[in-house]
file coords-v2.csv (CSV, C-alpha atoms)
chain,number,residue,atom,x,y,z
A,1,MET,CA,18.5,14.0,-33.8
A,2,ILE,CA,21.6,14.5,-35.9
A,3,THR,CA,24.4,12.4,-34.5
A,4,ARG,CA,27.4,12.8,-36.8
A,5,PHE,CA,28.3,14.6,-39.9
A,6,GLU,CA,31.5,14.6,-42.0
A,7,LYS,CA,31.7,16.9,-45.0
A,8,GLU,CA,31.2,15.1,-48.3
A,9,LYS,CA,34.2,16.7,-49.8
A,10,GLU,CA,36.6,15.6,-47.1
A,11,LYS,CA,39.6,14.0,-48.8
A,12,GLU,CA,41.0,10.6,-47.7
A,13,LYS,CA,44.5,10.5,-46.5
A,14,PRO,CA,46.8,9.5,-49.4
A,15,SER,CA,48.4,6.0,-49.4
A,16,LEU,CA,51.8,7.3,-50.8
A,17,ALA,CA,53.8,10.5,-50.7
A,18,LEU,CA,56.6,10.5,-53.2
A,19,ALA,CA,59.5,13.0,-53.4
A,20,LEU,CA,61.6,13.1,-56.5
A,21,VAL,CA,65.0,14.6,-55.9
A,22,ILE,CA,66.6,15.2,-59.3
A,23,ASP,CA,70.1,16.5,-60.2
A,24,LYS,CA,69.8,19.5,-62.5
A,25,SER,CA,73.5,20.6,-62.4
A,26,GLY,CA,75.3,21.8,-65.5
A,27,SER,CA,76.7,18.4,-66.3
A,28,ILE,CA,73.2,17.1,-67.1
A,29,GLN,CA,72.4,19.6,-69.8
A,30,GLY,CA,70.9,18.4,-73.1
A,31,LEU,CA,69.4,15.0,-73.5
A,32,PRO,CA,70.0,13.9,-69.9
A,33,ILE,CA,67.9,16.7,-68.4
A,34,GLU,CA,65.2,16.2,-71.0
A,35,LEU,CA,65.0,12.5,-70.1
A,36,ALA,CA,65.0,13.4,-66.4
A,37,ARG,CA,62.0,15.6,-67.0
A,38,GLN,CA,60.3,12.7,-68.8
A,39,ALA,CA,61.1,10.4,-65.9
A,40,ALA,CA,59.5,12.7,-63.4
A,41,LYS,CA,56.4,13.1,-65.5
A,42,ALA,CA,56.1,9.4,-66.0
A,43,SER,CA,56.1,8.9,-62.2
A,44,VAL,CA,53.1,11.3,-62.0
A,45,GLU,CA,51.2,9.2,-64.5
A,46,VAL,CA,51.5,5.9,-62.7
A,47,LEU,CA,50.3,7.2,-59.3
A,48,SER,CA,46.7,7.0,-58.2
A,49,ALA,CA,44.8,10.2,-58.0
A,50,ARG,CA,45.0,10.5,-54.2
A,51,ASP,CA,48.7,9.7,-54.0
A,52,GLN,CA,51.0,12.7,-53.6
A,53,ILE,CA,54.1,13.7,-55.4
A,54,GLY,CA,56.6,16.5,-55.0
A,55,VAL,CA,59.6,17.4,-57.1
A,56,ILE,CA,62.9,18.9,-56.0
A,57,GLY,CA,65.7,19.9,-58.3
A,58,PHE,CA,69.2,20.5,-57.0
A,59,ASP,CA,72.5,21.9,-58.3
A,60,GLY,CA,74.5,23.9,-55.7
A,61,GLN,CA,71.2,24.6,-54.0
A,62,PRO,CA,67.9,22.9,-53.8
A,63,GLN,CA,64.9,24.2,-55.6
A,64,ILE,CA,61.2,23.2,-55.0
A,65,ILE,CA,60.0,22.5,-58.5
A,66,SER,CA,56.6,21.3,-57.4
A,67,GLU,CA,55.3,21.2,-53.8
A,68,LEU,CA,53.9,17.9,-52.5
A,69,ARG,CA,50.3,17.6,-53.9
A,70,PRO,CA,47.9,15.0,-55.2
A,71,ALA,CA,48.8,13.3,-58.4
A,72,SER,CA,45.3,14.2,-59.7
A,73,GLU,CA,46.8,17.7,-60.3
A,74,SER,CA,49.0,16.1,-63.0
A,75,GLU,CA,48.8,19.0,-65.5
A,76,ALA,CA,50.1,21.6,-63.0
A,77,ILE,CA,52.8,19.2,-61.7
A,78,GLN,CA,54.0,18.3,-65.2
A,79,SER,CA,54.0,21.9,-66.2
A,80,ALA,CA,56.3,22.6,-63.2
A,81,ILE,CA,58.5,19.7,-64.2
A,82,ASP,CA,58.9,21.2,-67.7
A,83,SER,CA,60.5,24.2,-66.1
A,84,ILE,CA,63.5,22.3,-64.8
A,85,ALA,CA,66.7,23.7,-66.3
A,86,ALA,CA,70.3,22.4,-65.9
A,87,ASP,CA,72.9,24.7,-64.4
A,88,GLY,CA,75.3,25.0,-61.6
A,89,GLY,CA,77.2,22.5,-59.3
A,90,THR,CA,76.1,19.4,-57.5
A,91,ASN,CA,75.0,19.3,-53.9
A,92,VAL,CA,73.0,16.0,-53.3
A,93,ASP,CA,72.6,16.3,-49.5
A,94,MET,CA,70.8,19.7,-49.7
A,95,GLY,CA,68.4,18.3,-52.2
A,96,MET,CA,67.7,15.3,-49.9
A,97,VAL,CA,67.2,17.6,-46.9
A,98,ALA,CA,64.6,19.5,-48.8
A,99,GLY,CA,62.9,16.2,-49.7
A,100,LYS,CA,63.0,15.0,-46.1
A,101,ASP,CA,61.4,18.3,-45.0
A,102,MET,CA,58.7,17.8,-47.6
A,103,LEU,CA,57.9,14.2,-46.6
A,104,ASP,CA,58.1,14.9,-42.8
A,105,ASN,CA,55.0,17.1,-43.2
A,106,ALA,CA,53.1,14.5,-45.3
A,107,THR,CA,50.2,12.5,-43.8
A,108,ALA,CA,50.6,9.5,-46.1
A,109,LYS,CA,51.0,6.0,-44.8
A,110,ILE,CA,53.9,5.3,-47.1
A,111,LYS,CA,56.7,7.9,-47.6
A,112,TYR,CA,59.2,7.5,-50.4
A,113,MET,CA,62.1,9.3,-52.0
A,114,ILE,CA,63.9,8.7,-55.3
A,115,VAL,CA,67.3,10.5,-55.7
A,116,MET,CA,69.1,10.8,-59.0
A,117,THR,CA,72.4,12.3,-59.8
A,118,ASP,CA,75.1,12.0,-62.5
A,119,GLY,CA,78.0,13.5,-60.5
A,120,GLN,CA,80.0,13.7,-57.3
A,121,THR,CA,79.0,15.8,-54.3
A,122,GLY,CA,80.7,17.5,-51.3
A,123,ALA,CA,81.3,15.9,-48.0
A,124,ALA,CA,78.2,15.6,-45.8
A,125,ASP,CA,76.7,13.4,-43.1
A,126,PHE,CA,74.7,11.2,-45.5
A,127,HIS,CA,74.6,8.4,-43.0
A,128,GLY,CA,73.0,10.5,-40.3
A,129,LEU,CA,70.6,12.1,-42.8
A,130,VAL,CA,69.4,8.8,-44.2
A,131,GLN,CA,69.1,7.2,-40.8
A,132,ALA,CA,66.9,10.1,-39.6
A,133,MET,CA,64.7,9.6,-42.7
A,134,THR,CA,64.3,5.9,-42.1
A,135,GLU,CA,63.4,6.6,-38.4
A,136,ASN,CA,60.6,8.9,-39.7
A,137,GLY,CA,59.3,6.1,-42.0
A,138,ILE,CA,60.9,7.4,-45.2
A,139,THR,CA,62.2,4.8,-47.8
A,140,VAL,CA,65.0,6.1,-50.1
A,141,SER,CA,66.0,4.7,-53.5
A,142,SER,CA,68.7,6.1,-55.7
A,143,VAL,CA,69.7,6.2,-59.3
A,144,ALA,CA,73.4,6.7,-60.5
A,145,LEU,CA,73.5,8.1,-64.0
A,146,GLY,CA,76.7,7.8,-66.0
A,147,THR,CA,80.3,6.7,-65.2
A,148,SER,CA,81.0,9.9,-63.1
A,149,ALA,CA,78.2,9.4,-60.6
A,150,ALA,CA,79.0,8.8,-56.9
A,151,ARG,CA,78.1,5.2,-57.2
A,152,GLU,CA,79.3,4.0,-53.8
A,153,LEU,CA,77.6,6.8,-52.0
A,154,LEU,CA,74.3,6.3,-53.9
A,155,ALA,CA,74.4,2.5,-53.2
A,156,MET,CA,75.0,3.2,-49.5
A,157,ILE,CA,72.0,5.7,-49.5
A,158,ALA,CA,69.7,3.1,-51.0
A,159,GLU,CA,70.9,0.3,-48.7
A,160,LEU,CA,70.6,2.4,-45.5
A,161,GLY,CA,67.4,3.9,-46.8
A,162,ARG,CA,65.8,0.4,-47.2
A,163,GLY,CA,65.2,1.2,-50.9
A,164,ARG,CA,66.8,0.0,-54.2
A,165,TYR,CA,69.9,1.2,-56.1
A,166,TYR,CA,69.9,1.6,-59.9
A,167,GLU,CA,73.0,2.2,-62.0
A,168,THR,CA,72.9,3.2,-65.7
A,169,VAL,CA,75.2,4.8,-68.2
A,170,ASP,CA,72.3,5.3,-70.7
A,171,PRO,CA,70.1,8.4,-70.0
A,172,ALA,CA,67.3,6.8,-72.2
A,173,THR,CA,66.7,4.2,-69.4
A,174,VAL,CA,66.0,6.8,-66.7
A,175,PRO,CA,62.2,7.2,-67.4
A,176,GLN,CA,61.8,3.4,-67.2
A,177,ILE,CA,63.7,3.3,-64.0
A,178,PHE,CA,61.6,6.0,-62.4
A,179,THR,CA,58.4,4.4,-63.6
A,180,LYS,CA,59.4,1.0,-62.3
A,181,GLU,CA,60.5,2.4,-58.9
A,182,THR,CA,57.4,4.5,-58.5
A,183,MET,CA,55.2,1.5,-59.2
A,184,LYS,CA,57.1,-0.5,-56.6
A,185,ALA,CA,56.7,2.4,-54.1
A,186,SER,CA,52.9,2.6,-54.7
A,187,ARG,CA,52.7,-1.1,-54.0
A,188,SER,CA,54.3,-0.6,-50.6
A,189,ALA,CA,50.8,0.3,-49.4
A,190,ILE,CA,49.8,-3.4,-50.0
A,191,LYS,CA,50.8,-6.0,-47.4
A,192,GLU,CA,50.6,-9.7,-48.3
A,193,ASP,CA,51.3,-12.5,-45.8
A,194,LEU,CA,49.2,-14.5,-43.3
A,195,TYR,CA,47.6,-12.1,-40.8
A,196,SER,CA,45.5,-13.0,-37.8
A,197,THR,CA,42.2,-11.1,-37.4
A,198,LEU,CA,41.9,-9.2,-34.1
A,199,ILE,CA,38.6,-7.8,-32.7
A,200,THR,CA,39.4,-4.2,-31.7
A,201,GLY,CA,35.9,-2.7,-31.3
A,202,ASP,CA,32.5,-3.5,-29.9
A,203,HIS,CA,29.5,-3.6,-32.2
A,204,ALA,CA,26.4,-5.7,-32.8
A,205,MET,CA,27.7,-6.8,-36.1
A,206,LEU,CA,30.3,-8.9,-34.3
A,207,SER,CA,27.8,-10.4,-31.9
A,208,GLY,CA,28.3,-14.1,-31.3
A,209,TYR,CA,31.8,-14.3,-32.7
A,210,ARG,CA,35.0,-14.6,-30.8
A,211,GLU,CA,38.4,-13.5,-32.0
A,212,GLU,CA,39.6,-17.1,-32.2
A,213,ASP,CA,36.7,-17.9,-34.5
A,214,LEU,CA,37.7,-15.4,-37.2
A,215,PRO,CA,39.8,-16.6,-40.2
A,216,PHE,CA,43.2,-15.3,-41.3
A,217,SER,CA,43.6,-12.7,-44.1
A,218,LEU,CA,46.2,-13.1,-46.8
A,219,GLY,CA,46.6,-9.4,-47.6
A,220,TYR,CA,45.2,-6.0,-47.3
A,221,VAL,CA,45.7,-2.3,-48.3
A,222,MET,CA,47.2,-0.2,-45.6
A,223,THR,CA,45.2,2.9,-44.7
A,224,GLU,CA,44.5,5.2,-41.8
A,225,PRO,CA,41.1,5.3,-40.1
A,226,LYS,CA,39.3,8.6,-40.0
A,227,SER,CA,39.1,10.2,-36.6
A,228,THR,CA,35.3,9.7,-36.4
A,229,SER,CA,35.3,6.0,-37.5
A,230,GLN,CA,35.2,3.0,-35.2
A,231,VAL,CA,37.8,0.3,-36.0
A,232,LEU,CA,36.2,-3.1,-35.4
A,233,LEU,CA,38.8,-5.6,-36.9
A,234,SER,CA,42.5,-5.2,-37.2
A,235,ALA,CA,45.4,-7.4,-38.6
A,236,ASP,CA,47.9,-8.5,-36.0
A,237,THR,CA,50.2,-5.8,-37.4
A,238,GLY,CA,47.8,-3.2,-35.9
A,239,ASP,CA,46.6,-2.1,-39.3
A,240,LEU,CA,42.8,-1.8,-39.7
A,241,LEU,CA,40.8,-4.4,-41.6
A,242,LEU,CA,37.2,-3.4,-40.9
A,243,ALA,CA,35.9,0.0,-39.8
A,244,MET,CA,32.6,1.8,-39.8
A,245,GLY,CA,31.5,5.4,-39.4
A,246,ARG,CA,28.6,7.7,-40.0
A,247,TYR,CA,28.4,9.4,-43.4
A,248,GLY,CA,25.7,12.1,-43.4
A,249,LEU,CA,22.6,10.3,-42.1
A,250,GLY,CA,23.9,6.9,-43.2
A,251,THR,CA,26.6,4.5,-42.3
A,252,GLY,CA,29.8,3.7,-44.2
A,253,LEU,CA,31.8,0.4,-44.0
A,254,ALA,CA,35.4,-0.1,-45.0
A,255,TYR,CA,37.1,-3.4,-45.4
A,256,THR,CA,40.7,-3.2,-46.5
A,257,SER,CA,41.2,-6.9,-47.5
A,258,ASP,CA,38.9,-8.8,-49.9
A,259,LEU,CA,36.7,-11.9,-50.2
A,260,SER,CA,38.3,-13.4,-53.3
A,261,GLU,CA,40.8,-16.3,-53.5
A,262,LYS,CA,43.6,-13.8,-53.6
A,263,TRP,CA,43.4,-12.4,-50.0
A,264,GLY,CA,40.2,-14.0,-48.7
A,265,ALA,CA,40.7,-17.7,-49.3
A,266,GLU,CA,40.6,-18.5,-45.6
A,267,TRP,CA,37.4,-16.5,-45.2
A,268,LEU,CA,35.7,-18.2,-48.1
A,269,ALA,CA,36.7,-21.6,-46.7
A,270,TRP,CA,35.2,-20.7,-43.3
A,271,GLU,CA,31.7,-22.3,-42.9
A,272,GLU,CA,30.4,-19.1,-41.1
A,273,CYS,CA,31.6,-16.7,-43.8
A,274,GLY,CA,28.2,-16.1,-45.4
A,275,LYS,CA,26.4,-15.8,-42.0
A,276,PHE,CA,29.1,-13.4,-40.6
A,277,TRP,CA,29.0,-11.0,-43.6
A,278,ALA,CA,25.2,-11.1,-43.8
A,279,GLN,CA,25.2,-10.0,-40.1
A,280,VAL,CA,27.7,-7.2,-40.9
A,281,PHE,CA,25.6,-5.9,-43.8
A,282,ARG,CA,22.4,-6.0,-41.8
A,283,ALA,CA,24.0,-4.0,-39.1
A,284,ILE,CA,24.8,-1.1,-41.3
A,285,PHE,CA,21.6,-1.0,-43.4
A,286,ARG,CA,19.1,1.4,-42.0
A,287,LYS,CA,15.6,2.6,-43.0
A,288,ALA,CA,15.0,6.1,-44.3
A,289,PHE,CA,12.8,6.7,-41.2
A,290,THR,CA,12.3,5.5,-37.7
A,291,ARG,CA,9.0,5.1,-36.0
A,292,GLY,CA,7.3,8.5,-36.1
A,293,LEU,CA,10.2,10.2,-37.7
A,294,GLU,CA,10.9,10.6,-41.5
A,295,ILE,CA,14.2,12.1,-42.5
A,296,THR,CA,15.5,13.3,-45.9
A,297,GLU,CA,18.7,15.2,-46.7
A,298,THR,CA,20.3,17.2,-49.5
A,299,ILE,CA,23.8,18.6,-49.9
A,300,ASP,CA,24.3,21.7,-52.0
A,301,ASP,CA,27.9,22.8,-52.3
A,302,ASP,CA,29.0,23.0,-48.6
A,303,LEU,CA,25.4,23.3,-47.1
A,304,TRP,CA,23.9,20.1,-45.6
A,305,ARG,CA,20.1,20.4,-45.2
A,306,ILE,CA,18.1,17.9,-43.2
A,307,GLN,CA,14.3,17.8,-43.4
A,308,MET,CA,12.3,15.9,-40.7
A,309,ILE,CA,8.6,15.1,-40.3
A,310,ARG,CA,7.5,14.1,-36.8
A,311,ARG,CA,4.3,12.1,-36.4
A,312,ASP,CA,2.4,10.5,-33.5
A,313,PRO,CA,1.3,6.8,-33.5
A,314,ASN,CA,-1.8,7.9,-35.4
A,315,ARG,CA,0.4,9.4,-38.1
A,316,ASP,CA,-0.8,12.9,-37.2
A,317,PRO,CA,1.9,15.7,-37.3
A,318,VAL,CA,3.6,16.6,-34.0
A,319,ASN,CA,4.4,20.3,-33.7
A,320,ASN,CA,6.5,22.5,-31.4
A,321,VAL,CA,9.1,19.7,-30.7
A,322,SER,CA,12.2,20.9,-28.8
A,323,TRP,CA,15.1,19.3,-30.5
A,324,ASP,CA,18.6,18.6,-29.2
A,325,ALA,CA,20.7,18.2,-32.3
A,326,GLN,CA,24.4,17.9,-32.8
A,327,ALA,CA,26.8,17.2,-35.7
A,328,THR,CA,30.3,15.8,-35.4
A,329,ASP,CA,33.0,17.3,-37.7
A,330,ALA,CA,35.8,15.4,-39.3
A,331,LEU,CA,38.0,16.0,-36.2
A,332,GLY,CA,35.4,14.5,-33.9
A,333,ASN,CA,34.2,17.8,-32.4
A,334,ASN,CA,30.5,18.0,-31.5
A,335,ILE,CA,28.7,21.1,-32.8
A,336,ASN,CA,25.2,22.1,-31.8
A,337,VAL,CA,22.9,22.5,-34.7
A,338,PRO,CA,19.7,24.5,-34.4
A,339,VAL,CA,16.5,22.9,-35.7
A,340,ARG,CA,13.5,25.1,-36.7
A,341,GLN,CA,9.9,24.2,-37.5
A,342,VAL,CA,8.9,25.0,-41.1
A,343,GLY,CA,5.3,25.2,-42.3
A,344,LEU,CA,2.3,25.6,-40.1
A,345,GLY,CA,0.9,22.6,-38.3
A,346,LEU,CA,2.6,20.0,-40.5
A,347,GLY,CA,5.1,18.6,-38.1
A,348,ARG,CA,8.0,19.6,-40.5
A,349,TYR,CA,11.4,20.7,-39.2
A,350,GLU,CA,14.7,21.6,-40.8
A,351,ALA,CA,18.3,21.8,-39.8
A,352,MET,CA,21.2,23.2,-41.8
A,353,LYS,CA,24.9,22.8,-41.4
A,354,LEU,CA,27.8,24.3,-43.4
call {"tool": "encode", "arguments": {"input": "coords-v2.csv", "output": "structure tokens"}}
result
Amino acid sequence: MITRFEKEKEKEKPSLALALVIDKSGSIQGLPIELARQAAKASVEVLSARDQIGVIGFDGQPQIISELRPASESEAIQSAIDSIAADGGTNVDMGMVAGKDMLDNATAKIKYMIVMTDGQTGAADFHGLVQAMTENGITVSSVALGTSAARELLAMIAELGRGRYYETVDPATVPQIFTKETMKASRSAIKEDLYSTLITGDHAMLSGYREEDLPFSLGYVMTEPKSTSQVLLSADTGDLLLAMGRYGLGTGLAYTSDLSEKWGAEWLAWEECGKFWAQVFRAIFRKAFTRGLEITETIDDDLWRIQMIRRDPNRDPVNNVSWDAQATDALGNNINVPVRQVGLGLGRYEAMKL
């Protein structure tokens, strides 16, 4: 019986979605706009492949230079960044609104915006705009380039946006600022402190252990569980620590902390550590066949093919079995899967799922 199936090519949710909102007004022509392009491209380079980045240029109006997409598409993103040309006036708030719209639709755990300008801008409700962004989980940092930049405004945006404010009169420092801030943003997906371990699921791998028995964790990587996974342990922040789920015919296990001195020192000092993790690993290991049933699988492009051989206690083939098989998609929906007998009198059956 097929219990669950998640497509092999399903992509994990990104840890970080970053929107770069860059002034491309006429005052930034020449070396400043070239260095701004370099800064944006440098940000792409320091992100992990699954993180997302989008680029917005603004003068009097915002322009989507590159839609929010995985940093693994670096060539396409950097090619789009090379198209940024300086012209027109300066309207910071419209660029930020476009960035907010971009990040509001992102599925990432961490949402970040970096705003850079070298000039002044018209009156707008920046306080209300940034407040709405922080309420939606967006952090905003800002960069003031040159002596004519709206320094007080940009400092206020960073403070209210719970980000950092940078000020420079040297365009050559802009790429380093963007790289530094992007790296800090990417590390926002890491939480380091002392976290209690909470039991949030019921499974045999936790048998014999109470919540108060489990050690503290000193850090973990923030991530979202898949809809078909079962969260078994969480930090006291509500973020998952240990989750399991079916992967094809097997079982996958995810632990977001570690068992090194860095984050797992309390676990390593716990006298039950080895016994606990041995029980966890035994619980997820499974044989390639159960009694009387042998199962193999192959995946070709998007086609999942499962072959089964049914035998009786004497190891003789069992034919004409009526199967009730289901697959579970990535959204948790059950889908009936037909199973047909293949070969004559061999007890062989096959199921296929796109």
call {"tool": "closest_residue", "arguments": {"input": "coords-v2.csv", "among": "A:Gly274, A:Gly163, A:Pro70, A:Gly264", "to": "Ala106 of chain A", "atoms": "all atoms listed in the file"}}
result
A:Pro70
call {"tool": "closest_residue", "arguments": {"input": "coords-v2.csv", "among": "A:Glu181, A:Ser217, A:Leu160, A:Gln230", "to": "Asp202 of chain A", "atoms": "all atoms listed in the file"}}
result
A:Gln230
call {"tool": "closest_residue", "arguments": {"input": "coords-v2.csv", "among": "A:Asp23, A:Asp101, A:Asp239, A:Glu261", "to": "Ile84 of chain A", "atoms": "all atoms listed in the file"}}
result
A:Asp23
call {"tool": "atom_distance", "arguments": {"input": "coords-v2.csv", "atom1": "atom CA of Leu240 of chain A", "atom2": "atom CA of Thr256 of chain A"}}
result
7.3 Å
call {"tool": "closest_residue", "arguments": {"input": "coords-v2.csv", "among": "A:Ile65, A:Ala19, A:Leu214, A:Val115", "to": "Asp82 of chain A", "atoms": "all atoms listed in the file"}}
result
A:Ile65
call {"tool": "residues_around", "arguments": {"input": "coords-v2.csv", "residues": "segment 26-37 of chain A", "least_positions_apart": "4", "cutoff": "7 Å", "atoms": "all atoms listed in the file", "output": "PyMOL selection string"}}
result
chain A and resi 41+81-82+86-89+171-172+174-175
call {"tool": "closest_residue", "arguments": {"input": "coords-v2.csv", "among": "A:Phe281, A:Tyr220, A:Tyr209, A:Trp304", "to": "Thr237 of chain A", "atoms": "only C-alpha atoms"}}
result
A:Tyr220
call {"tool": "atom_distance", "arguments": {"input": "coords-v2.csv", "atom1": "atom CA of Arg164 of chain A", "atom2": "atom CA of Gln176 of chain A"}}
result
14.3 Å
call {"tool": "closest_residue", "arguments": {"input": "coords-v2.csv", "among": "A:Val55, A:Val221, A:Ala39, A:Val46", "to": "Ala98 of chain A", "atoms": "all atoms listed in the file"}}
result
A:Val55
